[in-house]
Amino acid sequence: MPLDTLTITDNRTGQIYTLPIENGTIRAIDLRKIKTGHDDFGLMTYDPAFTNTASCRSAITYIDGDKGILRYRGYPIEVLAEHCTYLEVAYLLLFGELPTQSELKTWVFEITHHTMLHETTKKFMEGFRDFAHPMAMLVSTVAALSTVYPDAKNVHDPDTRLLQIKRLIGKMPSIAAMSYRHMVGFPYVYPDNDLTYTENFMNMLWKMVEPKYVANPVIARALDILFVLHADHEQNCSTNTMRAVGSAQADPYLATASAASALSGPLHGGANEEVLRMLDEIGSKNNVPAYIKKIKEGKGKLMGFGHRVYKNYDPRAKIIKWAADQVFEVTGRNARLEIALELERIALEDDYFVQRKLYPNVDFYSGIMYQAMGFKPEMFTVLFAIPRTVGWLTQWQEMIVDPEQKIARPRQIWIGHDTREFVPMEKRGKTEAVLQK
Ligand code: ACO
């Protein structure tokens, strides 16, 4: 018997099956041959929320959640955050190798020359209500780009795909900044091609009447580091959405809008905004023990804590803490930081959190840092979506060219009625139809 196999005895029939194990995985479809008879569909796995299912083979981002390791294309996140710019890392993710100086120059030039939005897109954005949430504006506008670039539906043409990828990476900061300017009622600032990716984003956000925007270099670098940290994170909720929508061969604008919608949820990228609300609710360092007690009694969750994959300190949270110190040198310490540090200290010593391996995640400190940089909480998830765009698109590209991938379509376990006799309207009694609580 080969060693890399799994032997299963079906106690219903006494039949023995041998399945190959490859990369620590059996193929779910191999279970289908385990049947009780000819009319049996065959065995399936039940995995709500995909806690133990690999949906693809990927060579982009590696995570070891127990050891707290994150690597893009084999390079540790700590090294990339220290030595690279965001666009350099975007190139690495997409093309698989770090760029040479001339490759990077061309890449930066191309992204920089895709930052403009069509004037009709600007008009589209002007139609949002003045209280519209910037994340919802971003999602809708990215979807609307599908109408501006109808060529994007040609998803099997590599050149067309690359063009849309460059457009999306280039335009994300412009849409994000315009969402912000719309929310605060300021006129839209056009991109400035002399500036770096993050400096230009800051320009489009904060330029007022000065003839040329000059970004604070410490803030610009810290923002760039945050972008590096957020660029990809393998098969998380929004990436899974990107792949699922992309698997139906929807164009990349619509697929990216879907991924960004998933990101907006408070259990995913929306957590950074929630962390700030939580710190405000706690109010002061002295109230931390009482708040932790409340969480342990099951009244809510500690936002910015816990992760499906990391059962150790999120390596990104460590780097953010370091970068936050650089930012606070410029902006002064944020009062919420004291509360956050106390919350982390108590939680990391508390049995409830220790036993469940709940550590701070990327969102725990990013919000405090963003706020110190001058961002409003409504912008936090938008700030996550900008750099994650290259991750979504890289995963989409990998999915499109993978010959094993098909339209994503899970199965279900049927728990509803068997065939029922139709009841004509006049014979129907009062129903107790209510939505399940
Ligand atoms: N505070 C308190 N308890 C928690 C927390 C938390 N933040 N997170 C998990 N737990 C508890 C759960 O109640 C559960 O306890 P139980 O075993 O007594 O029932 C146990 O820890 C395991 O948690 P699950 O919910 O099964 O973990 P899951 O992997 O499904 O959830 C998630 C991961 C969604 C991130 C969760 O930890 C959470 O809601 N955290 C808060 C929101 C957050 O910070 N999200 C950002 C994640 S990072 C990102 O997406 C960018």
# chains A, B, ... in the order shown; residues from 1 in each chain; ligands from 1
>>> residues_near_ligand(ligand="ligand 1", cutoff="6 Å", atoms="only C-alpha atoms and all ligand atoms", output="PyMOL selection string")
chain A and resi 267-269+271+295+301-308+356+361-362
>>> residues_around(residues="segment 394-397 of chain A", least_positions_apart="5", cutoff="9 Å", atoms="only C-alpha atoms", output="PyMOL selection string")
chain A and resi 58+60+90+93-95+158+161-162+165+232+234-235+239+242-243+246-247+252+255+389+402
>>> write_last_selection(atoms="N, CA, C and O atoms", output="PDB file, in the first residue's frame")
ATOM      1  N   SER A  58      -2.320  27.543  -5.004  1.00  0.00           N
ATOM      2  CA  SER A  58      -1.880  28.923  -5.190  1.00  0.00           C
ATOM      3  C   SER A  58      -0.396  29.066  -4.879  1.00  0.00           C
ATOM      4  O   SER A  58       0.132  28.362  -4.014  1.00  0.00           O
ATOM      5  N   ILE A  60       0.871  32.353  -4.514  1.00  0.00           N
ATOM      6  CA  ILE A  60       0.985  33.805  -4.304  1.00  0.00           C
ATOM      7  C   ILE A  60       1.385  34.134  -2.862  1.00  0.00           C
ATOM      8  O   ILE A  60       2.444  34.691  -2.607  1.00  0.00           O
ATOM      9  N   ALA A  90       3.422  45.112  -5.403  1.00  0.00           N
ATOM     10  CA  ALA A  90       2.308  44.798  -6.312  1.00  0.00           C
ATOM     11  C   ALA A  90       2.851  44.050  -7.536  1.00  0.00           C
ATOM     12  O   ALA A  90       2.267  43.069  -8.000  1.00  0.00           O
ATOM     13  N   LEU A  93       3.748  40.472  -6.528  1.00  0.00           N
ATOM     14  CA  LEU A  93       2.563  39.611  -6.398  1.00  0.00           C
ATOM     15  C   LEU A  93       2.069  39.185  -7.776  1.00  0.00           C
ATOM     16  O   LEU A  93       1.839  38.012  -8.038  1.00  0.00           O
ATOM     17  N   LEU A  94       1.957  40.163  -8.651  1.00  0.00           N
ATOM     18  CA  LEU A  94       1.342  39.916  -9.951  1.00  0.00           C
ATOM     19  C   LEU A  94       2.216  39.077 -10.880  1.00  0.00           C
ATOM     20  O   LEU A  94       1.750  38.122 -11.502  1.00  0.00           O
ATOM     21  N   PHE A  95       3.504  39.436 -10.944  1.00  0.00           N
ATOM     22  CA  PHE A  95       4.384  38.771 -11.920  1.00  0.00           C
ATOM     23  C   PHE A  95       5.243  37.675 -11.289  1.00  0.00           C
ATOM     24  O   PHE A  95       5.939  36.957 -11.997  1.00  0.00           O
ATOM     25  N   PRO A 158      -4.946  37.661 -22.341  1.00  0.00           N
ATOM     26  CA  PRO A 158      -4.001  38.112 -21.307  1.00  0.00           C
ATOM     27  C   PRO A 158      -3.692  39.606 -21.369  1.00  0.00           C
ATOM     28  O   PRO A 158      -3.557  40.248 -20.320  1.00  0.00           O
ATOM     29  N   ARG A 161      -6.547  41.492 -19.909  1.00  0.00           N
ATOM     30  CA  ARG A 161      -6.551  41.325 -18.443  1.00  0.00           C
ATOM     31  C   ARG A 161      -5.529  42.260 -17.796  1.00  0.00           C
ATOM     32  O   ARG A 161      -5.849  42.958 -16.835  1.00  0.00           O
ATOM     33  N   LEU A 162      -4.321  42.282 -18.361  1.00  0.00           N
ATOM     34  CA  LEU A 162      -3.271  43.108 -17.762  1.00  0.00           C
ATOM     35  C   LEU A 162      -3.640  44.593 -17.811  1.00  0.00           C
ATOM     36  O   LEU A 162      -3.400  45.332 -16.855  1.00  0.00           O
ATOM     37  N   ILE A 165      -6.039  45.296 -15.070  1.00  0.00           N
ATOM     38  CA  ILE A 165      -5.339  45.232 -13.771  1.00  0.00           C
ATOM     39  C   ILE A 165      -4.622  46.566 -13.511  1.00  0.00           C
ATOM     40  O   ILE A 165      -4.728  47.144 -12.437  1.00  0.00           O
ATOM     41  N   ASP A 232      -2.091  41.365   0.075  1.00  0.00           N
ATOM     42  CA  ASP A 232      -2.758  40.081  -0.188  1.00  0.00           C
ATOM     43  C   ASP A 232      -2.812  39.269   1.099  1.00  0.00           C
ATOM     44  O   ASP A 232      -2.031  39.519   2.033  1.00  0.00           O
ATOM     45  N   GLU A 234      -4.006  35.527   1.014  1.00  0.00           N
ATOM     46  CA  GLU A 234      -4.526  34.261   0.449  1.00  0.00           C
ATOM     47  C   GLU A 234      -6.050  34.155   0.469  1.00  0.00           C
ATOM     48  O   GLU A 234      -6.723  35.106   0.132  1.00  0.00           O
ATOM     49  N   GLN A 235      -6.625  33.027   0.844  1.00  0.00           N
ATOM     50  CA  GLN A 235      -8.049  32.796   0.524  1.00  0.00           C
ATOM     51  C   GLN A 235      -9.010  33.323   1.613  1.00  0.00           C
ATOM     52  O   GLN A 235      -9.798  32.582   2.180  1.00  0.00           O
ATOM     53  N   THR A 239     -11.261  37.596  -1.018  1.00  0.00           N
ATOM     54  CA  THR A 239     -10.542  36.938  -2.119  1.00  0.00           C
ATOM     55  C   THR A 239     -11.350  35.754  -2.636  1.00  0.00           C
ATOM     56  O   THR A 239     -11.432  35.504  -3.841  1.00  0.00           O
ATOM     57  N   MET A 242     -13.850  37.191  -4.822  1.00  0.00           N
ATOM     58  CA  MET A 242     -13.252  37.571  -6.115  1.00  0.00           C
ATOM     59  C   MET A 242     -13.138  36.349  -7.017  1.00  0.00           C
ATOM     60  O   MET A 242     -13.495  36.383  -8.194  1.00  0.00           O
ATOM     61  N   ARG A 243     -12.652  35.262  -6.447  1.00  0.00           N
ATOM     62  CA  ARG A 243     -12.472  34.046  -7.242  1.00  0.00           C
ATOM     63  C   ARG A 243     -13.831  33.465  -7.652  1.00  0.00           C
ATOM     64  O   ARG A 243     -13.985  32.996  -8.779  1.00  0.00           O
ATOM     65  N   GLY A 246     -15.368  35.790 -10.242  1.00  0.00           N
ATOM     66  CA  GLY A 246     -14.529  35.678 -11.436  1.00  0.00           C
ATOM     67  C   GLY A 246     -14.683  34.337 -12.132  1.00  0.00           C
ATOM     68  O   GLY A 246     -14.539  34.246 -13.347  1.00  0.00           O
ATOM     69  N   SER A 247     -14.996  33.291 -11.357  1.00  0.00           N
ATOM     70  CA  SER A 247     -15.116  31.951 -11.953  1.00  0.00           C
ATOM     71  C   SER A 247     -16.314  31.868 -12.901  1.00  0.00           C
ATOM     72  O   SER A 247     -16.367  31.008 -13.770  1.00  0.00           O
ATOM     73  N   PRO A 252     -13.434  41.926 -14.511  1.00  0.00           N
ATOM     74  CA  PRO A 252     -12.703  42.195 -13.268  1.00  0.00           C
ATOM     75  C   PRO A 252     -13.231  43.387 -12.467  1.00  0.00           C
ATOM     76  O   PRO A 252     -13.020  43.443 -11.252  1.00  0.00           O
ATOM     77  N   ALA A 255     -16.110  41.840 -10.546  1.00  0.00           N
ATOM     78  CA  ALA A 255     -15.579  40.902  -9.551  1.00  0.00           C
ATOM     79  C   ALA A 255     -14.889  41.661  -8.415  1.00  0.00           C
ATOM     80  O   ALA A 255     -15.051  41.328  -7.233  1.00  0.00           O
ATOM     81  N   THR A 389      -6.550  45.481  -3.725  1.00  0.00           N
ATOM     82  CA  THR A 389      -6.954  45.318  -5.122  1.00  0.00           C
ATOM     83  C   THR A 389      -5.948  44.469  -5.899  1.00  0.00           C
ATOM     84  O   THR A 389      -6.333  43.586  -6.664  1.00  0.00           O
ATOM     85  N   ASP A 402      -5.840  28.746 -14.408  1.00  0.00           N
ATOM     86  CA  ASP A 402      -5.715  27.424 -13.784  1.00  0.00           C
ATOM     87  C   ASP A 402      -6.662  26.439 -14.488  1.00  0.00           C
ATOM     88  O   ASP A 402      -7.886  26.579 -14.407  1.00  0.00           O
TER      89      ASP A 402
END
>>> select_by_dssp(residues="segment 202-343 of chain A", states="helix (DSSP H, G or I)", output="JSON, numbers by chain")
{"A": [202, 203, 204, 205, 206, 217, 218, 219, 220, 221, 222, 223, 224, 225, 226, 227, 228, 229, 237, 238, 239, 240, 241, 242, 243, 244, 245, 246, 247, 252, 253, 254, 255, 256, 257, 258, 259, 260, 261, 262, 263, 271, 272, 273, 274, 275, 276, 277, 278, 279, 280, 281, 282, 285, 286, 287, 288, 289, 290, 291, 292, 293, 294, 295, 296, 315, 316, 317, 318, 319, 320, 321, 322, 323, 324, 325, 326, 327, 328, 329, 330, 331, 335, 336, 337, 338, 339, 340, 341, 342, 343]}
>>> closest_residue(among="A:Asn286, A:Thr431, A:Gln355, A:Asn334", to="Asn312 of chain A", atoms="only C-alpha atoms")
A:Gln355
>>> atom_distance(atom1="atom CA of Met373 of chain A", atom2="atom CA of Lys171 of chain A")
21.9 Å
>>> closest_residue(among="A:Val423, A:Ile407, A:Ile29, A:Val108", to="Ile169 of chain A", atoms="only C-alpha atoms")
A:Val108
>>> closest_residue(among="A:Ser174, A:Thr5, A:Thr13, A:Thr141", to="Thr25 of chain A", atoms="only C-alpha atoms")
A:Thr5
>>> select_by_dssp(residues="segment 54-274 of chain A", states="strand (DSSP E or B)", output="list in words")
Thr61, Tyr62, Ile63, Asp64, Ile69, Leu70, Arg71, Tyr72, Tyr75 and Pro76 of chain A
>>> atom_distance(atom1="atom CA of Ala215 of chain A", atom2="atom CA of Pro134 of chain A")
22.4 Å
>>> atom_distance(atom1="atom CA of His114 of chain A", atom2="atom CA of Arg167 of chain A")
5.2 Å
>>> residues_around(residues="segment 319-324 of chain A", least_positions_apart="3", cutoff="9 Å", atoms="only C-alpha atoms", output="ChimeraX atom specification")
/A:78,81,222-223,225-226,229,315-316,327-329,362,365-366,368-370,372
>>> residues_around(residues="segment 377-383 of chain A", least_positions_apart="4", cutoff="6 Å", atoms="only C-alpha atoms", output="list in words")
Met135, Gly269, Gly270 and Glu273 of chain A
>>> write_last_selection(atoms="N, CA, C and O atoms", output="short mmCIF file (atom, residue, chain, number, x, y, z; two decimals), in the first residue's frame")
data_model
loop_
_atom_site.label_atom_id
_atom_site.label_comp_id
_atom_site.auth_asym_id
_atom_site.auth_seq_id
_atom_site.Cartn_x
_atom_site.Cartn_y
_atom_site.Cartn_z
N MET A 135 -17.18 53.65 1.54
CA MET A 135 -16.93 52.29 1.08
C MET A 135 -18.01 51.86 0.08
O MET A 135 -17.72 51.20 -0.91
N GLY A 269 -12.78 43.37 6.62
CA GLY A 269 -12.04 44.64 6.58
C GLY A 269 -12.72 45.76 7.35
O GLY A 269 -12.08 46.74 7.74
N GLY A 270 -14.03 45.62 7.55
CA GLY A 270 -14.77 46.65 8.29
C GLY A 270 -14.42 46.68 9.77
O GLY A 270 -14.84 47.58 10.50
N GLU A 273 -12.76 49.96 11.40
CA GLU A 273 -13.67 51.05 11.77
C GLU A 273 -14.33 50.72 13.13
O GLU A 273 -14.50 51.59 13.98
#
>>> residues_around(residues="His113 of chain A", least_positions_apart="6", cutoff="12 Å", atoms="only C-alpha atoms", output="ChimeraX atom specification")
/A:106-107,163,166-171,174,191-197
